[in-house]
file protein-v4.txt (compact mmCIF, C-alpha atoms)
# COMPACT_ATOMS: atom_id res chain seq x y z
CA MET A 1 95.15 103.33 83.68
CA ARG A 2 93.37 104.82 80.71
CA LEU A 3 95.15 107.67 78.95
CA GLU A 4 92.43 110.30 78.58
CA ALA A 5 94.47 112.56 76.30
CA SER A 6 94.62 109.81 73.68
CA SER A 7 91.14 108.36 74.06
CA ASN A 8 89.54 110.35 71.25
CA GLY A 9 92.20 109.26 68.78
CA VAL A 10 92.08 105.53 69.45
CA PRO A 11 90.82 103.54 66.44
CA GLN A 12 87.36 102.11 67.07
CA TRP A 13 88.65 98.54 66.69
CA LEU A 14 91.15 99.09 69.53
CA ARG A 15 88.62 100.49 72.01
CA GLY A 16 88.16 97.13 73.78
CA VAL A 17 91.83 96.79 74.74
CA ALA A 18 92.12 100.53 75.42
CA GLU A 19 89.17 100.67 77.83
CA HIS A 20 89.28 97.30 79.65
CA ASP A 21 91.87 95.46 81.71
CA PRO A 22 92.83 91.98 80.45
CA ALA A 23 90.37 89.25 81.46
CA ASP A 24 90.36 85.47 81.93
CA PRO A 25 86.77 84.30 81.40
CA ALA A 26 87.82 80.67 80.84
CA GLY A 27 90.02 80.48 83.95
CA VAL A 28 93.10 79.25 82.06
CA ASN A 29 95.36 82.29 82.40
CA PRO A 30 97.45 82.26 85.61
CA VAL A 31 99.55 85.20 84.39
CA LEU A 32 96.68 87.50 85.37
CA ARG A 33 96.42 86.06 88.89
CA ARG A 34 99.76 86.81 90.53
CA ASN A 35 99.05 89.55 93.08
CA ALA A 36 99.20 87.13 96.01
CA MET A 37 102.59 85.82 94.83
CA ARG A 38 103.88 89.38 94.49
CA ARG A 39 102.99 90.13 98.12
CA PHE A 40 104.75 86.97 99.28
CA VAL A 41 107.94 87.73 97.34
CA ALA A 42 107.93 91.39 98.32
CA ALA A 43 108.09 90.35 101.97
CA ALA A 44 111.51 88.78 101.29
CA THR A 45 112.93 90.90 98.46
CA ARG A 46 111.59 93.87 96.54
CA PRO A 47 110.74 92.98 92.92
CA ARG A 48 112.39 95.14 90.27
CA ASP A 49 110.08 97.29 88.15
CA ALA A 50 109.95 96.77 84.38
CA ALA A 51 107.69 97.66 81.46
CA VAL A 52 106.85 96.17 78.07
CA LEU A 53 105.33 97.68 74.96
CA VAL A 54 102.23 95.92 73.60
CA LEU A 55 102.20 97.66 70.24
CA PHE A 56 99.27 97.15 67.87
CA GLY A 57 99.45 98.28 64.26
CA GLY A 58 96.92 98.37 61.46
CA SER A 59 94.58 100.59 59.53
CA PRO A 60 92.80 103.21 61.66
CA GLU A 61 89.57 102.35 59.86
CA PRO A 62 87.58 99.34 61.18
CA ASP A 63 86.47 96.48 58.96
CA SER A 64 82.70 96.34 59.39
CA SER A 65 82.62 92.71 58.25
CA ALA A 66 85.06 91.48 60.93
CA PRO A 67 84.43 90.81 64.64
CA GLY A 68 85.17 93.95 66.62
CA GLY A 69 85.97 95.77 63.39
CA LEU A 70 89.44 94.20 63.26
CA PRO A 71 91.15 95.35 60.03
CA ALA A 72 92.83 92.70 57.88
CA ASP A 73 96.28 94.28 58.33
CA ALA A 74 96.17 94.48 62.15
CA ASP A 75 99.24 93.10 63.91
CA VAL A 76 101.29 93.16 67.12
CA LEU A 77 105.04 93.66 67.49
CA LEU A 78 106.93 90.74 69.08
CA THR A 79 110.55 89.77 69.54
CA GLN A 80 112.28 86.46 70.08
CA ARG A 81 114.89 86.77 72.78
CA ALA A 82 118.46 85.68 72.05
CA ALA A 83 119.28 82.13 73.08
CA THR A 84 122.33 83.41 74.99
CA LEU A 85 120.37 85.57 77.45
CA ARG A 86 120.46 84.50 81.09
CA GLN A 87 116.70 84.93 81.66
CA HIS A 88 113.86 83.79 79.37
CA SER A 89 116.35 82.85 76.64
CA GLY A 90 114.79 82.09 73.26
CA GLN A 91 111.29 83.05 74.38
CA VAL A 92 108.91 85.22 72.40
CA ALA A 93 108.35 88.53 74.15
CA PHE A 94 107.13 92.08 73.88
CA PRO A 95 109.88 94.69 73.59
CA GLY A 96 110.70 95.85 77.10
CA GLY A 97 112.93 95.61 80.13
CA GLY A 98 113.87 96.99 83.51
CA VAL A 99 113.31 100.57 84.63
CA GLU A 100 116.40 102.80 84.44
CA PRO A 101 117.02 105.95 86.54
CA GLN A 102 116.47 108.26 83.55
CA ASP A 103 113.00 106.83 82.79
CA ASP A 104 109.95 108.94 83.51
CA GLY A 105 107.43 106.18 84.27
CA PRO A 106 106.48 102.92 82.52
CA ILE A 107 105.67 104.53 79.16
CA SER A 108 109.16 106.00 79.03
CA THR A 109 110.69 102.63 79.94
CA ALA A 110 108.66 100.69 77.38
CA LEU A 111 109.43 103.11 74.53
CA ARG A 112 113.14 103.33 75.39
CA GLU A 113 113.50 99.55 75.52
CA ALA A 114 111.57 99.11 72.28
CA ARG A 115 113.84 101.59 70.54
CA GLU A 116 116.97 99.84 71.88
CA GLU A 117 115.73 96.36 70.93
CA THR A 118 113.99 96.95 67.60
CA GLY A 119 115.03 100.37 66.29
CA LEU A 120 111.46 101.60 66.77
CA ASP A 121 110.85 105.33 66.34
CA PRO A 122 108.78 106.29 69.43
CA ALA A 123 107.42 109.36 67.61
CA GLY A 124 105.05 107.14 65.65
CA VAL A 125 103.67 105.38 68.75
CA GLU A 126 100.57 106.50 70.65
CA PRO A 127 100.24 104.93 74.15
CA ILE A 128 96.57 104.23 74.91
CA ALA A 129 96.58 102.35 78.22
CA VAL A 130 98.87 101.41 81.10
CA LEU A 131 97.80 98.06 82.52
CA PRO A 132 98.17 96.83 86.14
CA LYS A 133 101.55 95.37 87.07
CA ILE A 134 102.08 91.63 86.58
CA PHE A 135 104.64 89.74 88.65
CA VAL A 136 107.00 87.42 86.71
CA PRO A 137 108.38 84.83 89.16
CA PRO A 138 111.48 83.56 87.26
CA SER A 139 112.99 87.04 86.93
CA ARG A 140 111.22 88.62 89.94
CA PHE A 141 110.16 91.57 87.82
CA ASP A 142 106.99 93.59 88.38
CA VAL A 143 106.08 94.25 84.76
CA THR A 144 103.77 97.03 83.58
CA PRO A 145 102.34 96.40 80.11
CA VAL A 146 101.93 99.60 78.09
CA VAL A 147 99.34 99.20 75.32
CA ALA A 148 99.89 101.42 72.31
CA TYR A 149 98.78 102.06 68.74
CA TRP A 150 101.37 102.30 65.98
CA ARG A 151 99.88 105.32 64.27
CA ASP A 152 102.92 105.94 62.05
CA PRO A 153 104.73 102.59 61.56
CA GLY A 154 108.40 102.55 60.60
CA GLU A 155 111.11 100.02 59.99
CA VAL A 156 112.04 97.68 62.83
CA GLY A 157 114.48 94.80 63.08
CA VAL A 158 117.12 93.17 65.24
CA VAL A 159 119.39 95.89 66.65
CA SER A 160 121.65 93.65 68.74
CA GLU A 161 121.90 89.89 68.27
CA THR A 162 122.89 89.59 71.94
CA GLU A 163 119.42 90.89 72.85
CA ALA A 164 117.07 89.51 70.19
CA ALA A 165 117.20 86.80 67.55
CA ARG A 166 114.13 88.06 65.75
CA VAL A 167 111.74 91.03 65.53
CA THR A 168 108.42 90.42 63.81
CA ARG A 169 104.94 91.89 63.32
CA VAL A 170 102.51 89.02 63.93
CA PRO A 171 99.09 89.33 62.24
CA LEU A 172 96.26 89.43 64.77
CA ALA A 173 94.26 87.23 62.40
CA ASP A 174 96.76 84.45 63.14
CA LEU A 175 96.56 85.00 66.91
CA ILE A 176 92.77 84.79 66.99
CA ASP A 177 92.63 81.73 64.70
CA PRO A 178 91.34 78.90 66.95
CA ALA A 179 93.62 76.45 65.10
CA ASN A 180 96.63 78.32 66.54
CA ARG A 181 95.46 78.42 70.16
CA PHE A 182 95.75 75.89 72.97
CA VAL A 183 96.98 75.47 76.56
CA VAL A 184 100.52 74.29 77.39
CA ARG A 185 101.67 72.33 80.43
CA HIS A 186 105.19 72.99 81.76
CA PRO A 187 107.13 70.03 83.25
CA LEU A 188 107.04 71.87 86.60
CA GLY A 189 103.25 72.12 86.53
CA TYR A 190 102.58 75.57 85.03
CA MET A 191 99.62 75.62 82.64
CA GLY A 192 98.63 78.60 80.55
CA PRO A 193 97.48 79.84 77.13
CA ALA A 194 99.73 79.56 74.08
CA PHE A 195 99.78 80.52 70.42
CA ALA A 196 101.59 78.75 67.57
CA VAL A 197 102.17 81.55 65.04
CA ASP A 198 104.76 82.60 62.49
CA GLY A 199 106.99 79.61 63.23
CA MET A 200 107.07 80.42 66.96
CA LEU A 201 105.40 79.28 70.17
CA VAL A 202 104.16 82.19 72.26
CA TRP A 203 103.59 81.14 75.87
CA GLY A 204 104.13 82.32 79.47
CA PHE A 205 103.88 86.02 80.30
CA THR A 206 103.55 87.19 76.69
CA ALA A 207 100.79 84.72 75.83
CA GLY A 208 99.02 85.53 79.09
CA VAL A 209 98.89 89.24 78.33
CA LEU A 210 97.82 88.64 74.72
CA ALA A 211 95.11 86.16 75.74
CA GLY A 212 93.85 88.57 78.39
CA LEU A 213 93.60 91.41 75.89
CA LEU A 214 91.98 89.26 73.21
CA ALA A 215 89.31 88.31 75.76
CA VAL A 216 88.18 91.96 75.96
CA SER A 217 88.97 92.98 72.38
CA GLY A 218 85.78 91.96 70.60
CA TRP A 219 87.91 90.19 67.96
CA GLU A 220 88.19 86.78 69.61
CA HIS A 221 86.78 83.55 68.20
CA GLU A 222 85.82 80.56 70.33
CA TRP A 223 88.80 78.28 70.90
CA ASP A 224 89.34 74.98 72.71
CA HIS A 225 90.43 75.78 76.28
CA HIS A 226 90.57 72.03 76.99
CA ASP A 227 93.25 71.34 74.36
CA VAL A 228 96.24 70.90 76.71
CA ARG A 229 99.61 70.10 75.14
CA ASP A 230 103.06 69.35 76.50
CA LEU A 231 105.17 72.52 76.47
CA GLN A 232 108.41 70.86 75.44
CA ALA A 233 106.75 68.99 72.57
CA SER A 234 105.01 72.19 71.43
CA LEU A 235 108.31 74.08 71.44
CA ALA A 236 110.06 71.29 69.56
CA ALA A 237 107.34 71.38 66.88
CA VAL A 238 108.48 74.91 65.92
CA GLY A 239 112.20 74.32 66.42
CA MET A 240 112.38 75.96 69.87
CA THR A 241 113.55 74.58 73.22
CA LEU A 242 112.68 75.19 76.86

call {"tool": "encode", "arguments": {"input": "protein-v4.txt", "output": "structure tokens"}}
result
Amino acid sequence: MRLEASSNGVPQWLRGVAEHDPADPAGVNPVLRRNAMRRFVAAATRPRDAAVLVLFGGSPEPDSSAPGGLPADADVLLTQRAATLRQHSGQVAFPGGGVEPQDDGPISTALREAREETGLDPAGVEPIAVLPKIFVPPSRFDVTPVVAYWRDPGEVGVVSETEAARVTRVPLADLIDPANRFVVRHPLGYMGPAFAVDGMLVWGFTAGVLAGLLAVSGWEHEWDHHDVRDLQASLAAVGMTL
């Protein structure tokens, strides 16, 4: 869903992710192909709704010398989940979580969770798109990614060590660097895009959403979709575990 009220204020370099749903032109992103699985699971048990905040920061002015006008200071906000969490422990994620009764839609959920996890001030955040739901099998969540622009960035950090081990703003230049991109293979057979950035391995749902958005961003460089690496070995290389 495009947010018409914000469309005129979206920086030119963010128009691709604001106006297009994530895409998988190389056919290596199973995260974007889970509608059939959602219908199967829903027949047995209703998935719980959740939302995440895909928050891009950076200068509002495009860099005319860069693909898609991507400014040199552009970044995205990510967290590393605490190793003690029952689900997705230690994984790199967007701020977010399950819908609560007081929430007024996915934007409200995503901003509330981001504030609770990172100390983010929602007043500086401008939502620009609400993407289609994506089913996450391990947790049985139906997750709505909310794409936003950090128009007035503020301080963020770990609020509760029981929730997050790390909060970081990852440069988009590192994410689009072909040297940092490859495909990982899970011991159970899952294969999907991954990023080795900032001493972390980004894979699974988070990498799938990022890869899908990069594919429509205008910033992306060609990368080797045939470079398939073992997930456990890739995690170990950055000091992480499955």

call {"tool": "residues_around", "arguments": {"input": "protein-v4.txt", "residues": "region 218-223 of chain A", "least_positions_apart": "3", "cutoff": "6 Å", "atoms": "all atoms listed in the file", "output": "PyMOL selection string"}}
result
chain A and resi 67-68+176+178+214

call {"tool": "atom_distance", "arguments": {"input": "protein-v4.txt", "atom1": "CA of Pro30 (chain A)", "atom2": "CA of Ala237 (chain A)"}}
result
23.8 Å

call {"tool": "closest_atom_pairs", "arguments": {"input": "protein-v4.txt", "of": "region 31-125 of chain A", "to": "region 184-208 of chain A", "cutoff": "12 Å", "atoms": "all atoms listed in the file", "output": "tab-separated table"}}
result
residue	atom	partner	partner_atom	distance
A:Val31	CA	A:Gly208	CA	5.3
A:Leu32	CA	A:Gly208	CA	7.0
A:Arg33	CA	A:Gly208	CA	10.2
A:Arg34	CA	A:Phe205	CA	11.1
A:Val52	CA	A:Thr206	CA	9.7
A:Leu53	CA	A:Thr206	CA	10.8
A:Val54	CA	A:Thr206	CA	9.4
A:Asp75	CA	A:Asp198	CA	11.9
A:Val76	CA	A:Thr206	CA	11.5
A:Leu77	CA	A:Thr206	CA	11.3
A:Leu78	CA	A:Thr206	CA	9.1
A:Thr79	CA	A:Val202	CA	10.3
A:Gln80	CA	A:Met200	CA	8.6
A:Arg81	CA	A:Met200	CA	11.6
A:His88	CA	A:Gly204	CA	9.8
A:Gly90	CA	A:Met200	CA	10.1
A:Gln91	CA	A:Val202	CA	7.5
A:Val92	CA	A:Val202	CA	5.6
A:Ala93	CA	A:Thr206	CA	5.6
A:Phe94	CA	A:Thr206	CA	6.7
A:Pro95	CA	A:Thr206	CA	10.3
A:Gly96	CA	A:Thr206	CA	11.2

call {"tool": "closest_residue", "arguments": {"input": "protein-v4.txt", "among": "A:Phe135, A:Ala50, A:Glu117, A:Ser64", "to": "Glu100 (chain A)", "atoms": "all atoms listed in the file"}}
result
A:Ala50

call {"tool": "atom_distance", "arguments": {"input": "protein-v4.txt", "atom1": "CA of Lys133 (chain A)", "atom2": "CA of Gly105 (chain A)"}}
result
12.6 Å

call {"tool": "atom_distance", "arguments": {"input": "protein-v4.txt", "atom1": "CA of Thr168 (chain A)", "atom2": "CA of Val156 (chain A)"}}
result
8.2 Å

call {"tool": "residues_around", "arguments": {"input": "protein-v4.txt", "residues": "Pro22 (chain A)", "least_positions_apart": "5", "cutoff": "10 Å", "atoms": "all atoms listed in the file", "output": "list in words"}}
result
Gly16, Val17, Leu32, Leu131, Pro132, Gly208, Val209, Leu210, Ala211, Gly212, Leu213, Leu214, Ala215, Val216 and Ser217 of chain A

call {"tool": "closest_residue", "arguments": {"input": "protein-v4.txt", "among": "A:Ala165, A:Leu120, A:Ile134, A:Ala173", "to": "Ala66 (chain A)", "atoms": "only C-alpha atoms"}}
result
A:Ala173

call {"tool": "closest_residue", "arguments": {"input": "protein-v4.txt", "among": "A:Ala114, A:Val146, A:Leu55, A:Ala18", "to": "Val159 (chain A)", "atoms": "all atoms listed in the file"}}
result
A:Ala114

call {"tool": "residues_near_point", "arguments": {"input": "protein-v4.txt", "point": "(92.6, 78.0, 72.8)", "cutoff": "6 Å", "atoms": "all atoms listed in the file", "output": "PyMOL selection string"}}
result
chain A and resi 181-182+223-225

call {"tool": "closest_residue", "arguments": {"input": "protein-v4.txt", "among": "A:Val136, A:Val10, A:Ala51, A:Ala233", "to": "Glu113 (chain A)", "atoms": "all atoms listed in the file"}}
result
A:Ala51

call {"tool": "axis_aligned_box", "arguments": {"input": "protein-v4.txt", "around": "region 181-198 of chain A", "padding_each_side": "5 Å", "output": "JSON"}}
result
{"center_x": 101.3, "center_y": 76.3, "center_z": 74.5, "size_x": 21.7, "size_y": 22.6, "size_z": 34.1}

call {"tool": "closest_residue", "arguments": {"input": "protein-v4.txt", "among": "A:Ala148, A:Val143, A:Ile107, A:Leu14", "to": "Pro47 (chain A)", "atoms": "all atoms listed in the file"}}
result
A:Val143

call {"tool": "build_atoms", "arguments": {"input": "protein-v4.txt", "residues": "region 139-150 of chain A", "atoms": "all heavy atoms", "output": "PDB file, keeping the file's coordinate frame"}}
result
ATOM      1  N   SER A 139     112.075  85.902  86.909  1.00  0.00           N
ATOM      2  CA  SER A 139     112.990  87.040  86.930  1.00  0.00           C
ATOM      3  C   SER A 139     112.727  87.978  88.104  1.00  0.00           C
ATOM      4  O   SER A 139     113.506  88.903  88.344  1.00  0.00           O
ATOM      5  CB  SER A 139     112.856  87.834  85.624  1.00  0.00           C
ATOM      6  OG  SER A 139     111.521  88.278  85.442  1.00  0.00           O
ATOM      7  N   ARG A 140     111.621  87.779  88.820  1.00  0.00           N
ATOM      8  CA  ARG A 140     111.220  88.620  89.940  1.00  0.00           C
ATOM      9  C   ARG A 140     111.036  90.086  89.505  1.00  0.00           C
ATOM     10  O   ARG A 140     111.344  91.009  90.240  1.00  0.00           O
ATOM     11  CB  ARG A 140     112.191  88.506  91.106  1.00  0.00           C
ATOM     12  CG  ARG A 140     112.245  87.110  91.680  1.00  0.00           C
ATOM     13  CD  ARG A 140     112.919  87.049  93.013  1.00  0.00           C
ATOM     14  NE  ARG A 140     112.782  85.721  93.605  1.00  0.00           N
ATOM     15  CZ  ARG A 140     113.118  85.401  94.849  1.00  0.00           C
ATOM     16  NH1 ARG A 140     113.592  86.335  95.649  1.00  0.00           N
ATOM     17  NH2 ARG A 140     112.954  84.176  95.302  1.00  0.00           N
ATOM     18  N   PHE A 141     110.509  90.249  88.317  1.00  0.00           N
ATOM     19  CA  PHE A 141     110.160  91.570  87.820  1.00  0.00           C
ATOM     20  C   PHE A 141     108.678  91.829  88.068  1.00  0.00           C
ATOM     21  O   PHE A 141     107.850  90.944  87.933  1.00  0.00           O
ATOM     22  CB  PHE A 141     110.416  91.676  86.309  1.00  0.00           C
ATOM     23  CG  PHE A 141     111.824  92.047  85.936  1.00  0.00           C
ATOM     24  CD1 PHE A 141     112.635  91.149  85.252  1.00  0.00           C
ATOM     25  CD2 PHE A 141     112.339  93.297  86.245  1.00  0.00           C
ATOM     26  CE1 PHE A 141     113.928  91.489  84.891  1.00  0.00           C
ATOM     27  CE2 PHE A 141     113.630  93.654  85.886  1.00  0.00           C
ATOM     28  CZ  PHE A 141     114.426  92.740  85.214  1.00  0.00           C
ATOM     29  N   ASP A 142     108.354  93.072  88.397  1.00  0.00           N
ATOM     30  CA  ASP A 142     106.990  93.590  88.380  1.00  0.00           C
ATOM     31  C   ASP A 142     106.834  94.320  87.062  1.00  0.00           C
ATOM     32  O   ASP A 142     107.392  95.416  86.888  1.00  0.00           O
ATOM     33  CB  ASP A 142     106.771  94.549  89.554  1.00  0.00           C
ATOM     34  CG  ASP A 142     105.820  94.003  90.586  1.00  0.00           C
ATOM     35  OD1 ASP A 142     105.198  92.951  90.326  1.00  0.00           O
ATOM     36  OD2 ASP A 142     105.692  94.613  91.660  1.00  0.00           O
ATOM     37  N   VAL A 143     106.108  93.732  86.122  1.00  0.00           N
ATOM     38  CA  VAL A 143     106.080  94.250  84.760  1.00  0.00           C
ATOM     39  C   VAL A 143     104.788  95.007  84.484  1.00  0.00           C
ATOM     40  O   VAL A 143     103.691  94.480  84.686  1.00  0.00           O
ATOM     41  CB  VAL A 143     106.236  93.104  83.737  1.00  0.00           C
ATOM     42  CG1 VAL A 143     106.260  93.673  82.321  1.00  0.00           C
ATOM     43  CG2 VAL A 143     107.504  92.306  84.009  1.00  0.00           C
ATOM     44  N   THR A 144     104.918  96.219  83.989  1.00  0.00           N
ATOM     45  CA  THR A 144     103.770  97.030  83.580  1.00  0.00           C
ATOM     46  C   THR A 144     103.632  96.979  82.064  1.00  0.00           C
ATOM     47  O   THR A 144     104.496  97.481  81.340  1.00  0.00           O
ATOM     48  CB  THR A 144     103.953  98.498  84.007  1.00  0.00           C
ATOM     49  OG1 THR A 144     104.095  98.578  85.430  1.00  0.00           O
ATOM     50  CG2 THR A 144     102.758  99.341  83.561  1.00  0.00           C
ATOM     51  N   PRO A 145     102.566  96.364  81.554  1.00  0.00           N
ATOM     52  CA  PRO A 145     102.340  96.400  80.110  1.00  0.00           C
ATOM     53  C   PRO A 145     101.775  97.754  79.676  1.00  0.00           C
ATOM     54  O   PRO A 145     100.817  98.253  80.266  1.00  0.00           O
ATOM     55  CB  PRO A 145     101.310  95.283  79.871  1.00  0.00           C
ATOM     56  CG  PRO A 145     101.340  94.445  81.126  1.00  0.00           C
ATOM     57  CD  PRO A 145     101.646  95.422  82.220  1.00  0.00           C
ATOM     58  N   VAL A 146     102.395  98.347  78.672  1.00  0.00           N
ATOM     59  CA  VAL A 146     101.930  99.600  78.090  1.00  0.00           C
ATOM     60  C   VAL A 146     101.330  99.280  76.723  1.00  0.00           C
ATOM     61  O   VAL A 146     102.040  98.842  75.813  1.00  0.00           O
ATOM     62  CB  VAL A 146     103.082 100.610  77.942  1.00  0.00           C
ATOM     63  CG1 VAL A 146     102.598 101.886  77.235  1.00  0.00           C
ATOM     64  CG2 VAL A 146     103.673 100.952  79.308  1.00  0.00           C
ATOM     65  N   VAL A 147     100.022  99.466  76.582  1.00  0.00           N
ATOM     66  CA  VAL A 147      99.340  99.200  75.320  1.00  0.00           C
ATOM     67  C   VAL A 147      99.394 100.447  74.461  1.00  0.00           C
ATOM     68  O   VAL A 147      99.154 101.563  74.942  1.00  0.00           O
ATOM     69  CB  VAL A 147      97.876  98.777  75.567  1.00  0.00           C
ATOM     70  CG1 VAL A 147      97.168  98.476  74.248  1.00  0.00           C
ATOM     71  CG2 VAL A 147      97.825  97.560  76.489  1.00  0.00           C
ATOM     72  N   ALA A 148      99.737 100.261  73.184  1.00  0.00           N
ATOM     73  CA  ALA A 148      99.890 101.420  72.310  1.00  0.00           C
ATOM     74  C   ALA A 148      99.426 101.102  70.894  1.00  0.00           C
ATOM     75  O   ALA A 148      99.337  99.937  70.499  1.00  0.00           O
ATOM     76  CB  ALA A 148     101.355 101.874  72.294  1.00  0.00           C
ATOM     77  N   TYR A 149      99.160 102.176  70.155  1.00  0.00           N
ATOM     78  CA  TYR A 149      98.780 102.060  68.740  1.00  0.00           C
ATOM     79  C   TYR A 149      99.913 102.642  67.898  1.00  0.00           C
ATOM     80  O   TYR A 149     100.397 103.743  68.148  1.00  0.00           O
ATOM     81  CB  TYR A 149      97.487 102.819  68.470  1.00  0.00           C
ATOM     82  CG  TYR A 149      97.099 102.853  67.009  1.00  0.00           C
ATOM     83  CD1 TYR A 149      96.989 101.681  66.262  1.00  0.00           C
ATOM     84  CD2 TYR A 149      96.850 104.067  66.367  1.00  0.00           C
ATOM     85  CE1 TYR A 149      96.641 101.710  64.921  1.00  0.00           C
ATOM     86  CE2 TYR A 149      96.486 104.103  65.027  1.00  0.00           C
ATOM     87  CZ  TYR A 149      96.394 102.923  64.305  1.00  0.00           C
ATOM     88  OH  TYR A 149      96.053 102.950  62.983  1.00  0.00           O
ATOM     89  N   TRP A 150     100.293 101.884  66.879  1.00  0.00           N
ATOM     90  CA  TRP A 150     101.370 102.300  65.980  1.00  0.00           C
ATOM     91  C   TRP A 150     100.772 103.158  64.880  1.00  0.00           C
ATOM     92  O   TRP A 150     100.493 102.697  63.790  1.00  0.00           O
ATOM     93  CB  TRP A 150     102.052 101.077  65.402  1.00  0.00           C
ATOM     94  CG  TRP A 150     103.500 101.274  65.073  1.00  0.00           C
ATOM     95  CD1 TRP A 150     104.194 102.435  65.086  1.00  0.00           C
ATOM     96  CD2 TRP A 150     104.420 100.243  64.686  1.00  0.00           C
ATOM     97  NE1 TRP A 150     105.496 102.205  64.731  1.00  0.00           N
ATOM     98  CE2 TRP A 150     105.665 100.868  64.479  1.00  0.00           C
ATOM     99  CE3 TRP A 150     104.308  98.867  64.482  1.00  0.00           C
ATOM    100  CZ2 TRP A 150     106.799 100.159  64.080  1.00  0.00           C
ATOM    101  CZ3 TRP A 150     105.434  98.165  64.097  1.00  0.00           C
ATOM    102  CH2 TRP A 150     106.663  98.805  63.906  1.00  0.00           C
TER     103      TRP A 150
END
